[in-house]
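Novice: Below are the structure tokens for one structure; questions will follow.
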Number of protein chains: 2
Amino acid sequence: MKVEYINPFLSATLEVLKTMAFMEAQPRPPVLKNNGDSLGDVSGIIGITGPVRGSLSLSFSSACILKIVANMLGEEFPAINAEIKDAVGELTNMISGAARQKLEALGYKSQSSLPTVVYGPNHQIKHRCEAPTIAIPFVTQAGPFVVEVSFANQ
Amino acid sequence: MKVEYINPFLSATLEVLKTMAFMEAQPRPPVLKNNGDSLGDVSGIIGITGPVRGSLSLSFSSACILKIVANMLGEEFPAINAEIKDAVGELTNMISGAARQKLEALGYKSQSSLPTVVYGPNHQIKHRCEAPTIAIPFVTQAGPFVVEVSFANQ
């Protein structure tokens with residue numbers, strides 16, 4: 001996976017979180033993920049096809065996503081419910097869309113599938129791609145979350 | 001979602017399981033999934049793009065996937081490990097590929113992303129699609145599993 005694929009996802013995440021949830025996130029240096037130990041309570045996954053083909057996931061702890069969605073919707077939620085899962089799907093869609101626009105500006109036009117949301121305490125996500133998976137950790141006032149991208153050129 | 005989208009996934013699942021794991025599965029009638037209560041211990045998820053856009057998932061209990069992969073690889077595994085997760089990704093890829101060939105024969109040419117594998121006891125998968133999600137339950141000698149498809153025409 002080329003390094004130039006990473007930055008569109010990093011900056012798209014920051015932009016969408018700021019615009020939709022009025023939240024500043026601090027990105028930590030992207031890391032090469034060698035095993036499947038990124039854990040989340042709720043994740044959004046979306047497939048990307050085209051000259052750049054792979055998958056994108058966002059994985060949040062409960063505390064982190066409850067705060068993000070409270071900011072997005074102006075309403076507090078005590079636990080993960082259908083609205084939270086819908087919001088995770090929407091965030092995944094928006095970050096994928098914003099990142100794909102940036103990839104297109106670099107000459108890589110791609111399509112995305114529709115997002116799937118996974119819920120379950122401490123589930124693991126493993127991207128199946130010939131190329132390595134890059135994990136971009138983010139820190140917010142409500143805790144950390146992680147964006148993972150795995151892409152191969154066709 | 002059109003009914004004619006369902007059968008390619010149903011028959012692709014039966015074919016791949018028979019070819020790869022020498023296992024007969026009995027499909028149960030597909031059901032419209034109204035909430036996110038299909039549970040699995042390990043799932044494969046893949047995105048589909050093109051005129052038919054959406055997502056496909058396969059969700060297995062531990063017992064069921066351990067038996068399927070034992071048949072595939074000719075080796076018993078006591079618990080879900082990296083090889084089992086790889087096999088789930090591979091099965092997802094193959095079923096998606098076989099189903100997309102059948103969809104193409106019906107006039108719907110599509111692309112697929114690369115699969116993502118989710119692991120975590122009793123996780124839930126929710127497809128985010130304007131169209132409903134159809135769940136196709138299968139019964140095998142090692143227990144049940146479920147294939148879910150959610151597609152919208154572009």
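Note on naming: chains are A, B, ... as they come in the structure tokens, residues start from 1 per chain, ligands start from 1 in the order shown.
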Report as a PyMOL selection string the set of chain B residues whose atoms approach chain A to within 6 Å, with distances computed over only C-alpha atoms.
Specialist: chain B and resi 47-49+53-54+113-120+123-128
Novice: For the selection you just gave me, I'd like the residues written to a file as a compact mmCIF listing (two decimals), in the first residue's frame, keeping N, CA and C atoms.
Specialist:
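Everything below was put into out39.txt:
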# COMPACT_ATOMS: atom_id res chain seq x y z
N GLY B 47 -17.87 -5.85 0.49
CA GLY B 47 -18.68 -4.82 -0.15
C GLY B 47 -18.81 -5.09 -1.64
N ILE B 48 -19.95 -4.74 -2.20
CA ILE B 48 -20.20 -4.90 -3.63
C ILE B 48 -20.52 -3.53 -4.21
N THR B 49 -19.91 -3.21 -5.35
CA THR B 49 -20.22 -1.94 -6.01
C THR B 49 -20.61 -2.21 -7.45
N ARG B 53 -25.38 -2.37 -5.59
CA ARG B 53 -24.41 -1.88 -4.60
C ARG B 53 -24.90 -2.24 -3.21
N GLY B 54 -24.02 -2.79 -2.41
CA GLY B 54 -24.42 -3.17 -1.06
C GLY B 54 -23.36 -3.98 -0.37
N SER B 113 -15.19 -5.55 -3.14
CA SER B 113 -14.02 -5.11 -2.38
C SER B 113 -13.30 -6.35 -1.87
N LEU B 114 -12.34 -6.17 -1.02
CA LEU B 114 -11.71 -7.33 -0.39
C LEU B 114 -12.41 -7.59 0.94
N PRO B 115 -12.43 -8.84 1.37
CA PRO B 115 -13.20 -9.15 2.58
C PRO B 115 -12.54 -8.68 3.86
N THR B 116 -13.38 -8.43 4.85
CA THR B 116 -12.94 -8.12 6.20
C THR B 116 -13.49 -9.21 7.11
N VAL B 117 -12.70 -9.65 8.07
CA VAL B 117 -13.16 -10.71 8.97
C VAL B 117 -13.32 -10.13 10.37
N VAL B 118 -14.46 -10.40 10.99
CA VAL B 118 -14.74 -9.91 12.33
C VAL B 118 -14.75 -11.10 13.28
N TYR B 119 -14.07 -10.97 14.39
CA TYR B 119 -14.08 -12.03 15.39
C TYR B 119 -14.47 -11.46 16.74
N GLY B 120 -15.38 -12.12 17.42
CA GLY B 120 -15.79 -11.72 18.76
C GLY B 120 -17.06 -12.48 19.10
N HIS B 123 -21.06 -11.32 18.27
CA HIS B 123 -21.19 -9.98 17.70
C HIS B 123 -22.40 -9.93 16.77
N GLN B 124 -22.87 -8.73 16.53
CA GLN B 124 -24.00 -8.50 15.63
C GLN B 124 -23.52 -7.74 14.41
N ILE B 125 -24.14 -8.04 13.27
CA ILE B 125 -23.81 -7.32 12.04
C ILE B 125 -25.07 -6.62 11.56
N LYS B 126 -24.91 -5.38 11.18
CA LYS B 126 -26.05 -4.64 10.65
C LYS B 126 -25.65 -4.01 9.31
N HIS B 127 -26.33 -4.40 8.26
CA HIS B 127 -26.02 -3.83 6.95
C HIS B 127 -26.74 -2.50 6.83
N ARG B 128 -26.01 -1.52 6.31
CA ARG B 128 -26.57 -0.17 6.19
C ARG B 128 -26.92 0.05 4.74
Novice: Once DSSP has gone over the backbone, tell me which residues of stretch 93-123 of chain A are in strand (DSSP E), as a list in words.
Specialist: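 So, restricting stretch 93-123 of chain A to strand (DSSP E), we get Gln111, Ser112, Thr116, Val117, Val118, Tyr119, Gly120, Pro121, Asn122 and His123 of chain A.
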Novice: Write out the coordinates of chain B as a short mmCIF file (atom, residue, chain, number, x, y, z; two decimals) with N, CA and C atoms, in the first residue's frame after a least-squares overlay onto chain A built on all ordered Cα pairs.
Specialist:
data_model
loop_
_atom_site.label_atom_id
_atom_site.label_comp_id
_atom_site.auth_asym_id
_atom_site.auth_seq_id
_atom_site.Cartn_x
_atom_site.Cartn_y
_atom_site.Cartn_z
N MET B 1 0.87 -1.18 -0.04
CA MET B 1 0.02 0.01 -0.02
C MET B 1 0.89 1.26 -0.02
N LYS B 2 0.55 2.19 -0.90
CA LYS B 2 1.35 3.41 -0.99
C LYS B 2 1.06 4.36 0.18
N VAL B 3 2.08 5.06 0.63
CA VAL B 3 1.94 5.99 1.75
C VAL B 3 0.92 7.08 1.40
N GLU B 4 0.87 7.45 0.12
CA GLU B 4 -0.04 8.54 -0.26
C GLU B 4 -1.51 8.16 -0.10
N TYR B 5 -1.80 6.86 0.08
CA TYR B 5 -3.20 6.47 0.33
C TYR B 5 -3.63 6.80 1.76
N ILE B 6 -2.67 6.96 2.66
CA ILE B 6 -3.00 7.09 4.09
C ILE B 6 -3.59 8.46 4.42
N ASN B 7 -2.92 9.49 3.90
CA ASN B 7 -3.28 10.84 4.32
C ASN B 7 -4.73 11.22 4.00
N PRO B 8 -5.28 10.82 2.85
CA PRO B 8 -6.69 11.13 2.59
C PRO B 8 -7.62 10.60 3.68
N PHE B 9 -7.32 9.43 4.21
CA PHE B 9 -8.19 8.86 5.25
C PHE B 9 -7.99 9.58 6.58
N LEU B 10 -6.74 9.92 6.86
CA LEU B 10 -6.45 10.65 8.10
C LEU B 10 -7.16 12.01 8.09
N SER B 11 -6.98 12.76 7.00
CA SER B 11 -7.56 14.11 7.01
C SER B 11 -9.08 14.06 6.85
N ALA B 12 -9.61 13.08 6.12
CA ALA B 12 -11.06 12.94 6.01
C ALA B 12 -11.68 12.66 7.38
N THR B 13 -11.02 11.84 8.18
CA THR B 13 -11.53 11.52 9.52
C THR B 13 -11.60 12.79 10.37
N LEU B 14 -10.51 13.56 10.36
CA LEU B 14 -10.48 14.80 11.15
C LEU B 14 -11.58 15.76 10.71
N GLU B 15 -11.73 15.90 9.39
CA GLU B 15 -12.72 16.85 8.86
C GLU B 15 -14.15 16.44 9.21
N VAL B 16 -14.45 15.15 9.01
CA VAL B 16 -15.83 14.69 9.25
C VAL B 16 -16.17 14.80 10.73
N LEU B 17 -15.22 14.44 11.58
CA LEU B 17 -15.47 14.52 13.02
C LEU B 17 -15.68 15.95 13.47
N LYS B 18 -14.92 16.85 12.87
CA LYS B 18 -15.04 18.26 13.25
C LYS B 18 -16.37 18.84 12.75
N THR B 19 -16.71 18.50 11.51
CA THR B 19 -17.93 19.05 10.91
C THR B 19 -19.19 18.47 11.53
N MET B 20 -19.18 17.17 11.74
CA MET B 20 -20.40 16.49 12.17
C MET B 20 -20.56 16.46 13.69
N ALA B 21 -19.43 16.36 14.41
CA ALA B 21 -19.53 16.18 15.87
C ALA B 21 -18.83 17.30 16.63
N PHE B 22 -18.38 18.33 15.90
CA PHE B 22 -17.71 19.48 16.54
C PHE B 22 -16.62 19.00 17.47
N MET B 23 -15.90 17.98 17.03
CA MET B 23 -14.91 17.37 17.90
C MET B 23 -13.54 17.38 17.24
N GLU B 24 -12.56 17.81 18.01
CA GLU B 24 -11.18 17.77 17.54
C GLU B 24 -10.59 16.42 17.92
N ALA B 25 -9.93 15.77 16.97
CA ALA B 25 -9.24 14.51 17.28
C ALA B 25 -7.76 14.71 16.98
N GLN B 26 -6.93 14.10 17.79
CA GLN B 26 -5.48 14.17 17.53
C GLN B 26 -5.05 12.84 16.92
N PRO B 27 -4.54 12.88 15.68
CA PRO B 27 -4.04 11.63 15.10
C PRO B 27 -2.68 11.27 15.69
N ARG B 28 -2.48 10.00 15.93
CA ARG B 28 -1.17 9.48 16.32
C ARG B 28 -0.52 8.91 15.06
N PRO B 29 0.76 8.67 15.07
CA PRO B 29 1.40 8.15 13.85
C PRO B 29 0.77 6.82 13.39
N PRO B 30 0.47 6.72 12.11
CA PRO B 30 -0.08 5.45 11.59
C PRO B 30 0.91 4.30 11.85
N VAL B 31 0.35 3.15 12.15
CA VAL B 31 1.20 1.99 12.40
C VAL B 31 0.80 0.83 11.49
N LEU B 32 1.80 0.06 11.13
CA LEU B 32 1.57 -1.15 10.35
C LEU B 32 1.00 -2.20 11.30
N LYS B 33 -0.16 -2.73 10.94
CA LYS B 33 -0.84 -3.67 11.84
C LYS B 33 -0.46 -5.09 11.46
N ASN B 34 0.20 -5.77 12.36
CA ASN B 34 0.67 -7.12 12.04
C ASN B 34 -0.24 -8.22 12.55
N ASN B 35 -1.11 -7.89 13.49
CA ASN B 35 -2.04 -8.92 13.94
C ASN B 35 -3.40 -8.27 14.22
N GLY B 36 -4.34 -9.10 14.57
CA GLY B 36 -5.73 -8.63 14.63
C GLY B 36 -6.14 -8.11 15.98
N ASP B 37 -5.28 -7.36 16.66
CA ASP B 37 -5.60 -7.04 18.04
C ASP B 37 -6.17 -5.64 18.26
N SER B 38 -6.60 -4.96 17.20
CA SER B 38 -7.35 -3.72 17.43
C SER B 38 -8.75 -4.10 17.89
N LEU B 39 -9.13 -3.64 19.05
CA LEU B 39 -10.43 -4.03 19.59
C LEU B 39 -11.39 -2.85 19.54
N GLY B 40 -12.64 -3.13 19.36
CA GLY B 40 -13.66 -2.09 19.40
C GLY B 40 -14.95 -2.66 19.93
N ASP B 41 -15.84 -1.79 20.38
CA ASP B 41 -17.18 -2.23 20.79
C ASP B 41 -18.16 -2.06 19.64
N VAL B 42 -17.89 -1.06 18.80
CA VAL B 42 -18.74 -0.86 17.62
C VAL B 42 -17.83 -0.38 16.48
N SER B 43 -18.04 -0.97 15.31
CA SER B 43 -17.19 -0.64 14.16
C SER B 43 -18.05 -0.42 12.92
N GLY B 44 -17.56 0.44 12.05
CA GLY B 44 -18.14 0.58 10.73
C GLY B 44 -17.13 0.08 9.71
N ILE B 45 -17.61 -0.67 8.73
CA ILE B 45 -16.73 -1.26 7.72
C ILE B 45 -17.29 -0.91 6.35
N ILE B 46 -16.42 -0.53 5.41
CA ILE B 46 -16.91 -0.24 4.07
C ILE B 46 -15.88 -0.75 3.06
N GLY B 47 -16.37 -1.29 1.97
CA GLY B 47 -15.49 -1.80 0.93
C GLY B 47 -15.24 -0.75 -0.14
N ILE B 48 -14.04 -0.75 -0.70
CA ILE B 48 -13.69 0.18 -1.77
C ILE B 48 -13.28 -0.64 -2.99
N THR B 49 -13.79 -0.25 -4.16
CA THR B 49 -13.39 -0.94 -5.39
C THR B 49 -12.89 0.08 -6.39
N GLY B 50 -12.23 -0.41 -7.40
CA GLY B 50 -11.67 0.47 -8.43
C GLY B 50 -10.18 0.18 -8.54
N PRO B 51 -9.41 1.14 -9.08
CA PRO B 51 -7.97 0.91 -9.20
C PRO B 51 -7.33 0.73 -7.82
N VAL B 52 -7.94 1.33 -6.82
CA VAL B 52 -7.52 1.10 -5.43
C VAL B 52 -8.63 0.26 -4.81
N ARG B 53 -8.29 -0.95 -4.38
CA ARG B 53 -9.33 -1.89 -3.92
C ARG B 53 -8.98 -2.38 -2.52
N GLY B 54 -9.93 -2.35 -1.63
CA GLY B 54 -9.65 -2.81 -0.28
C GLY B 54 -10.78 -2.50 0.66
N SER B 55 -10.44 -2.16 1.89
CA SER B 55 -11.49 -1.90 2.88
C SER B 55 -11.01 -0.89 3.91
N LEU B 56 -12.00 -0.28 4.52
CA LEU B 56 -11.78 0.76 5.53
C LEU B 56 -12.63 0.40 6.73
N SER B 57 -12.08 0.56 7.93
CA SER B 57 -12.90 0.38 9.12
C SER B 57 -12.62 1.47 10.14
N LEU B 58 -13.64 1.76 10.93
CA LEU B 58 -13.52 2.67 12.08
C LEU B 58 -13.97 1.85 13.28
N SER B 59 -13.16 1.80 14.33
CA SER B 59 -13.55 1.05 15.53
C SER B 59 -13.50 1.96 16.76
N PHE B 60 -14.62 1.98 17.47
CA PHE B 60 -14.77 2.87 18.63
C PHE B 60 -15.05 2.06 19.90
N SER B 61 -14.56 2.57 21.02
CA SER B 61 -15.05 2.08 22.31
C SER B 61 -16.45 2.65 22.51
N SER B 62 -17.20 2.04 23.40
CA SER B 62 -18.56 2.56 23.69
C SER B 62 -18.49 4.01 24.14
N ALA B 63 -17.60 4.31 25.10
CA ALA B 63 -17.53 5.67 25.66
C ALA B 63 -17.27 6.70 24.56
N CYS B 64 -16.37 6.37 23.66
CA CYS B 64 -15.98 7.32 22.63
C CYS B 64 -17.13 7.58 21.65
N ILE B 65 -17.78 6.52 21.18
CA ILE B 65 -18.84 6.74 20.18
C ILE B 65 -20.07 7.38 20.82
N LEU B 66 -20.33 7.08 22.10
CA LEU B 66 -21.48 7.71 22.75
C LEU B 66 -21.29 9.22 22.81
N LYS B 67 -20.06 9.67 23.06
CA LYS B 67 -19.80 11.11 23.12
C LYS B 67 -19.87 11.73 21.72
N ILE B 68 -19.30 11.04 20.73
CA ILE B 68 -19.33 11.57 19.36
C ILE B 68 -20.78 11.74 18.88
N VAL B 69 -21.59 10.70 19.10
CA VAL B 69 -22.98 10.77 18.60
C VAL B 69 -23.81 11.76 19.42
N ALA B 70 -23.50 11.88 20.72
CA ALA B 70 -24.17 12.92 21.52
C ALA B 70 -23.91 14.29 20.91
N ASN B 71 -22.68 14.53 20.51
CA ASN B 71 -22.35 15.80 19.86
C ASN B 71 -23.05 15.95 18.51
N MET B 72 -23.10 14.85 17.74
CA MET B 72 -23.71 14.90 16.41
C MET B 72 -25.20 15.22 16.50
N LEU B 73 -25.88 14.53 17.43
CA LEU B 73 -27.34 14.60 17.46
C LEU B 73 -27.88 15.54 18.54
N GLY B 74 -26.97 16.05 19.41
CA GLY B 74 -27.42 16.95 20.46
C GLY B 74 -28.28 16.26 21.51
N GLU B 75 -27.97 14.98 21.73
CA GLU B 75 -28.78 14.17 22.64
C GLU B 75 -27.87 13.11 23.25
N GLU B 76 -28.00 12.92 24.58
CA GLU B 76 -27.14 11.92 25.25
C GLU B 76 -27.77 10.53 25.13
N PHE B 77 -26.94 9.51 24.97
CA PHE B 77 -27.42 8.13 24.94
C PHE B 77 -26.69 7.34 26.03
N PRO B 78 -27.42 6.57 26.85
CA PRO B 78 -26.74 5.85 27.93
C PRO B 78 -25.97 4.62 27.44
N ALA B 79 -26.37 4.08 26.31
CA ALA B 79 -25.74 2.85 25.82
C ALA B 79 -25.88 2.79 24.31
N ILE B 80 -25.16 1.88 23.69
CA ILE B 80 -25.22 1.74 22.23
C ILE B 80 -26.59 1.19 21.82
N ASN B 81 -27.26 1.93 20.98
CA ASN B 81 -28.59 1.51 20.51
C ASN B 81 -28.64 1.66 18.98
N ALA B 82 -29.82 1.51 18.41
CA ALA B 82 -29.94 1.55 16.95
C ALA B 82 -29.48 2.90 16.38
N GLU B 83 -29.76 4.00 17.12
CA GLU B 83 -29.34 5.31 16.61
C GLU B 83 -27.82 5.45 16.57
N ILE B 84 -27.16 4.88 17.58
CA ILE B 84 -25.69 4.93 17.60
C ILE B 84 -25.13 4.13 16.41
N LYS B 85 -25.71 2.95 16.18
CA LYS B 85 -25.22 2.12 15.07
C LYS B 85 -25.46 2.83 13.73
N ASP B 86 -26.61 3.46 13.59
CA ASP B 86 -26.87 4.22 12.36
C ASP B 86 -25.84 5.32 12.19
N ALA B 87 -25.52 6.00 13.30
CA ALA B 87 -24.55 7.10 13.21
C ALA B 87 -23.16 6.57 12.82
N VAL B 88 -22.81 5.39 13.31
CA VAL B 88 -21.51 4.79 12.93
C VAL B 88 -21.49 4.50 11.44
N GLY B 89 -22.60 3.97 10.92
CA GLY B 89 -22.68 3.74 9.48
C GLY B 89 -22.55 5.03 8.70
N GLU B 90 -23.19 6.07 9.19
CA GLU B 90 -23.16 7.36 8.51
C GLU B 90 -21.75 7.97 8.55
N LEU B 91 -21.09 7.90 9.70
CA LEU B 91 -19.72 8.41 9.80
C LEU B 91 -18.79 7.64 8.85
N THR B 92 -18.98 6.33 8.79
CA THR B 92 -18.14 5.49 7.92
C THR B 92 -18.33 5.90 6.46
N ASN B 93 -19.59 6.09 6.09
CA ASN B 93 -19.92 6.52 4.73
C ASN B 93 -19.30 7.88 4.41
N MET B 94 -19.41 8.80 5.34
CA MET B 94 -18.92 10.16 5.09
C MET B 94 -17.39 10.21 5.02
N ILE B 95 -16.74 9.48 5.92
CA ILE B 95 -15.27 9.46 5.90
C ILE B 95 -14.78 8.76 4.63
N SER B 96 -15.44 7.68 4.26
CA SER B 96 -15.08 7.00 3.00
C SER B 96 -15.27 7.94 1.82
N GLY B 97 -16.39 8.65 1.80
CA GLY B 97 -16.67 9.57 0.68
C GLY B 97 -15.65 10.70 0.60
N ALA B 98 -15.35 11.31 1.75
CA ALA B 98 -14.39 12.42 1.76
C ALA B 98 -12.99 11.93 1.38
N ALA B 99 -12.62 10.74 1.86
CA ALA B 99 -11.29 10.19 1.53
C ALA B 99 -11.20 9.84 0.05
N ARG B 100 -12.29 9.30 -0.49
CA ARG B 100 -12.26 8.93 -1.91
C ARG B 100 -12.17 10.16 -2.81
N GLN B 101 -12.78 11.26 -2.38
CA GLN B 101 -12.62 12.52 -3.14
C GLN B 101 -11.16 12.93 -3.17
N LYS B 102 -10.50 12.79 -2.04
CA LYS B 102 -9.08 13.17 -1.96
C LYS B 102 -8.22 12.20 -2.78
N LEU B 103 -8.57 10.93 -2.75
CA LEU B 103 -7.83 9.95 -3.57
C LEU B 103 -8.02 10.25 -5.06
N GLU B 104 -9.24 10.66 -5.41
CA GLU B 104 -9.52 10.97 -6.82
C GLU B 104 -8.66 12.16 -7.28
N ALA B 105 -8.47 13.13 -6.37
CA ALA B 105 -7.63 14.28 -6.70
C ALA B 105 -6.18 13.85 -6.93
N LEU B 106 -5.82 12.70 -6.37
CA LEU B 106 -4.46 12.16 -6.59
C LEU B 106 -4.41 11.24 -7.81
N GLY B 107 -5.57 11.06 -8.46
CA GLY B 107 -5.60 10.23 -9.67
C GLY B 107 -6.15 8.84 -9.46
N TYR B 108 -6.69 8.55 -8.25
CA TYR B 108 -7.24 7.22 -7.98
C TYR B 108 -8.74 7.32 -7.78
N LYS B 109 -9.49 7.08 -8.84
CA LYS B 109 -10.95 7.17 -8.73
C LYS B 109 -11.49 5.81 -8.26
N SER B 110 -12.27 5.82 -7.22
CA SER B 110 -12.77 4.55 -6.68
C SER B 110 -14.25 4.65 -6.35
N GLN B 111 -14.86 3.50 -6.12
CA GLN B 111 -16.25 3.43 -5.69
C GLN B 111 -16.27 2.83 -4.28
N SER B 112 -17.37 3.09 -3.56
CA SER B 112 -17.47 2.41 -2.27
C SER B 112 -18.77 1.65 -2.18
N SER B 113 -18.73 0.57 -1.42
CA SER B 113 -19.95 -0.19 -1.13
C SER B 113 -20.74 0.57 -0.07
N LEU B 114 -21.76 -0.03 0.44
CA LEU B 114 -22.48 0.59 1.56
C LEU B 114 -21.89 0.04 2.86
N PRO B 115 -21.94 0.83 3.92
CA PRO B 115 -21.28 0.39 5.15
C PRO B 115 -22.04 -0.70 5.89
N THR B 116 -21.28 -1.48 6.64
CA THR B 116 -21.82 -2.49 7.54
C THR B 116 -21.36 -2.10 8.94
N VAL B 117 -22.24 -2.26 9.91
CA VAL B 117 -21.89 -1.90 11.29
C VAL B 117 -21.84 -3.17 12.13
N VAL B 118 -20.76 -3.32 12.88
CA VAL B 118 -20.57 -4.49 13.74
C VAL B 118 -20.67 -4.03 15.19
N TYR B 119 -21.44 -4.75 15.98
CA TYR B 119 -21.54 -4.43 17.39
C TYR B 119 -21.25 -5.67 18.22
N GLY B 120 -20.41 -5.53 19.22
CA GLY B 120 -20.10 -6.62 20.14
C GLY B 120 -18.89 -6.22 20.95
N PRO B 121 -18.98 -6.32 22.28
CA PRO B 121 -17.86 -5.87 23.11
C PRO B 121 -16.55 -6.55 22.71
N ASN B 122 -15.53 -5.73 22.51
CA ASN B 122 -14.18 -6.22 22.22
C ASN B 122 -14.08 -7.14 21.01
N HIS B 123 -14.80 -6.82 19.94
CA HIS B 123 -14.60 -7.61 18.74
C HIS B 123 -13.31 -7.16 18.04
N GLN B 124 -12.79 -8.03 17.21
CA GLN B 124 -11.59 -7.75 16.43
C GLN B 124 -11.95 -7.68 14.96
N ILE B 125 -11.24 -6.81 14.24
CA ILE B 125 -11.45 -6.70 12.80
C ILE B 125 -10.14 -7.05 12.11
N LYS B 126 -10.24 -7.86 11.09
CA LYS B 126 -9.04 -8.20 10.33
C LYS B 126 -9.31 -7.96 8.85
N HIS B 127 -8.55 -7.07 8.25
CA HIS B 127 -8.74 -6.80 6.83
C HIS B 127 -7.98 -7.85 6.04
N ARG B 128 -8.64 -8.35 5.01
CA ARG B 128 -8.04 -9.41 4.20
C ARG B 128 -7.57 -8.79 2.91
N CYS B 129 -6.34 -8.44 2.88
CA CYS B 129 -5.84 -7.76 1.70
C CYS B 129 -4.41 -8.24 1.49
N GLU B 130 -4.01 -8.31 0.24
CA GLU B 130 -2.63 -8.69 -0.05
C GLU B 130 -1.69 -7.67 0.57
N ALA B 131 -2.14 -6.42 0.59
CA ALA B 131 -1.31 -5.35 1.14
C ALA B 131 -1.49 -5.30 2.66
N PRO B 132 -0.53 -4.70 3.37
CA PRO B 132 -0.68 -4.62 4.82
C PRO B 132 -1.82 -3.70 5.22
N THR B 133 -2.26 -3.85 6.44
CA THR B 133 -3.26 -2.95 7.02
C THR B 133 -2.54 -1.86 7.80
N ILE B 134 -2.93 -0.62 7.55
CA ILE B 134 -2.39 0.50 8.31
C ILE B 134 -3.45 0.95 9.30
N ALA B 135 -3.08 1.04 10.57
CA ALA B 135 -3.99 1.53 11.60
C ALA B 135 -3.60 2.96 11.94
N ILE B 136 -4.60 3.87 11.92
CA ILE B 136 -4.36 5.26 12.31
C ILE B 136 -5.10 5.49 13.63
N PRO B 137 -4.36 5.57 14.74
CA PRO B 137 -5.02 5.81 16.02
C PRO B 137 -5.36 7.29 16.18
N PHE B 138 -6.50 7.57 16.75
CA PHE B 138 -6.90 8.95 17.05
C PHE B 138 -7.24 9.04 18.54
N VAL B 139 -6.93 10.19 19.12
CA VAL B 139 -7.29 10.43 20.51
C VAL B 139 -8.30 11.58 20.55
N THR B 140 -9.37 11.40 21.30
CA THR B 140 -10.35 12.47 21.47
C THR B 140 -10.56 12.70 22.97
N GLN B 141 -11.31 13.73 23.30
CA GLN B 141 -11.62 14.00 24.70
C GLN B 141 -12.42 12.87 25.34
N ALA B 142 -13.06 12.05 24.49
CA ALA B 142 -13.89 10.95 24.99
C ALA B 142 -13.17 9.60 24.91
N GLY B 143 -11.90 9.63 24.54
CA GLY B 143 -11.16 8.38 24.44
C GLY B 143 -10.67 8.13 23.02
N PRO B 144 -9.95 7.04 22.81
CA PRO B 144 -9.36 6.78 21.50
C PRO B 144 -10.30 6.04 20.56
N PHE B 145 -10.01 6.16 19.28
CA PHE B 145 -10.63 5.26 18.29
C PHE B 145 -9.59 5.00 17.20
N VAL B 146 -9.88 4.05 16.35
CA VAL B 146 -8.88 3.70 15.33
C VAL B 146 -9.53 3.58 13.96
N VAL B 147 -8.84 4.11 12.97
CA VAL B 147 -9.24 3.96 11.57
C VAL B 147 -8.23 3.03 10.92
N GLU B 148 -8.73 2.01 10.23
CA GLU B 148 -7.81 1.08 9.56
C GLU B 148 -8.11 1.07 8.07
N VAL B 149 -7.04 1.06 7.29
CA VAL B 149 -7.21 0.99 5.83
C VAL B 149 -6.29 -0.09 5.29
N SER B 150 -6.80 -0.82 4.33
CA SER B 150 -6.01 -1.86 3.68
C SER B 150 -6.35 -1.84 2.21
N PHE B 151 -5.37 -1.48 1.40
CA PHE B 151 -5.63 -1.33 -0.03
C PHE B 151 -4.53 -1.95 -0.86
N ALA B 152 -4.91 -2.47 -1.99
CA ALA B 152 -3.94 -2.94 -2.96
C ALA B 152 -4.27 -2.29 -4.30
N ASN B 153 -3.24 -1.96 -5.06
CA ASN B 153 -3.50 -1.53 -6.44
C ASN B 153 -3.94 -2.73 -7.24
N GLN B 154 -4.87 -2.48 -8.14
CA GLN B 154 -5.31 -3.58 -9.02
C GLN B 154 -4.28 -3.82 -10.11
#
Novice: Please give the complete set of residues from chain A that DSSP, run on the backbone, assigns to alpha helix (DSSP H), formatted as a count of residues only.
Specialist: 52
